[in-house]
Amino acid sequence: MEDRYSAVVNIQGDSKQAFFGVFDGHGGAKAAEFAANNMGRNIMKEVTGRREEEIEEAVRDGYLTTDAEFLKEGASGGACCVTALIREGDLVVSNAGDCRAVLSRGGVADALTVDHRPCREDERDRIENTVSNQEAVDLVHHSCVGIDNLEPFSACKKLVDLSVTRGSIDDISVMVIQLAHFIP
């Protein structure tokens, strides 16, 4: 398993600020582990002191700083990732590679990122036919919305199990973030 994740809440003592990331290692786990340990810190360094209209650029700079630091390590491999920064009531989602973020708006899937997909048509077809955004939202919705006993971990496990039964042989990581805890 080459995937890693990061979940940092209460950033700078503010319960409404958080950083989440899923990192998919390629050619080993070193890059994913490095990104999981450093990306949030690098993004927060870039975000601090920037004006609101500069936040997207700050996140991009945090990605680039993390990449440059990893390259200085001289290690091989790489990673795809998807991150979510929640700050002052805003959500900034970014990705590099084939990691994806999907938001449920009233039970309807809304893709927040665009996968950077392989060029091979057969691989693209396999990926697209394996787990649709709406199917993922429907599955999570039943465990996390409109019920007294929320079960986000169970929803994650169900999504992983579904991917495996559909024939995925790649690493599978799922993170469910209940935005209502962070954004009013």
# chains A, B, ... in the order shown; residues from 1 in each chain; ligands from 1

$ residues_around --residues "range 19-34 of chain A" --least-positions-apart "5" --cutoff "6 Å" --atoms "only C-alpha atoms" --output "list in words"
Glu2, Asp3, Arg4, Tyr5, Ser6, Ala7, Val8, Gly77, Gly78, Ala79, Cys80, Cys81, Val82, Thr83, Ala84 and Leu85 of chain A

$ select_by_dssp --residues "chain A" --states "strand (DSSP E)" --output "PyMOL selection string"
chain A and resi 3-11+14-26+78-87+90-96+102-105+108-111

$ residues_around --residues "Glu56 in chain A" --least-positions-apart "6" --cutoff "10 Å" --atoms "only C-alpha atoms" --output "PDB file with N, CA and C atoms, in the first residue's frame"
ATOM      1  N   VAL A  47      -0.171  30.379   2.667  1.00  0.00           N
ATOM      2  CA  VAL A  47      -1.468  31.048   2.854  1.00  0.00           C
ATOM      3  C   VAL A  47      -1.367  32.185   3.863  1.00  0.00           C
ATOM      4  N   GLY A  62       2.271  26.078  -2.406  1.00  0.00           N
ATOM      5  CA  GLY A  62       2.517  25.038  -1.406  1.00  0.00           C
ATOM      6  C   GLY A  62       2.787  23.686  -2.051  1.00  0.00           C
ATOM      7  N   VAL A  92     -11.007  25.246  -0.442  1.00  0.00           N
ATOM      8  CA  VAL A  92     -10.137  25.261  -1.609  1.00  0.00           C
ATOM      9  C   VAL A  92      -9.672  23.827  -1.842  1.00  0.00           C
ATOM     10  N   VAL A  93     -10.074  23.251  -2.965  1.00  0.00           N
ATOM     11  CA  VAL A  93      -9.742  21.867  -3.295  1.00  0.00           C
ATOM     12  C   VAL A  93      -8.811  21.874  -4.494  1.00  0.00           C
ATOM     13  N   SER A  94      -7.752  21.060  -4.416  1.00  0.00           N
ATOM     14  CA  SER A  94      -6.764  20.979  -5.492  1.00  0.00           C
ATOM     15  C   SER A  94      -6.381  19.527  -5.697  1.00  0.00           C
TER      16      SER A  94
END

$ closest_residue --among "A:Leu112, A:Val160, A:Leu179, A:Val131" --to "Val145 in chain A" --atoms "only C-alpha atoms"
A:Leu179

$ closest_residue --among "A:Asp170, A:Asp138, A:Asp161, A:Asp67" --to "Leu103 in chain A" --atoms "only C-alpha atoms"
A:Asp138

$ select_by_dssp --residues "chain A" --states "alpha helix (DSSP H)" --output "PyMOL selection string"
chain A and resi 30-47+55-73+121-130+133-144+152-165

$ residues_around --residues "Val176 in chain A" --least-positions-apart "2" --cutoff "7 Å" --atoms "only C-alpha atoms" --output "list in words"
Pro152, Cys156, Val174 and Gln178 of chain A

$ atom_distance --atom1 "CA of Glu135 in chain A" --atom2 "CA of Gln17 in chain A"
28.9 Å

$ atom_distance --atom1 "CA of Thr66 in chain A" --atom2 "CA of Ile43 in chain A"
8.7 Å

$ atom_distance --atom1 "CA of Leu71 in chain A" --atom2 "CA of Arg51 in chain A"
29.1 Å

$ closest_residue --among "A:Cys144, A:Leu139, A:Val114, A:Ala18" --to "Gly97 in chain A" --atoms "only C-alpha atoms"
A:Val114

$ closest_residue --among "A:Ile86, A:Ala36, A:Leu162, A:Ala180" --to "Val9 in chain A" --atoms "only C-alpha atoms"
A:Ile86

$ residues_around --residues "Ser163 in chain A" --least-positions-apart "5" --cutoff "10 Å" --atoms "only C-alpha atoms" --output "PyMOL selection string"
chain A and resi 130-131+157-158+168-170+172

$ closest_residue --among "A:Asp148, A:His181, A:Ala68, A:Ile11" --to "Met44 in chain A" --atoms "only C-alpha atoms"
A:Ile11
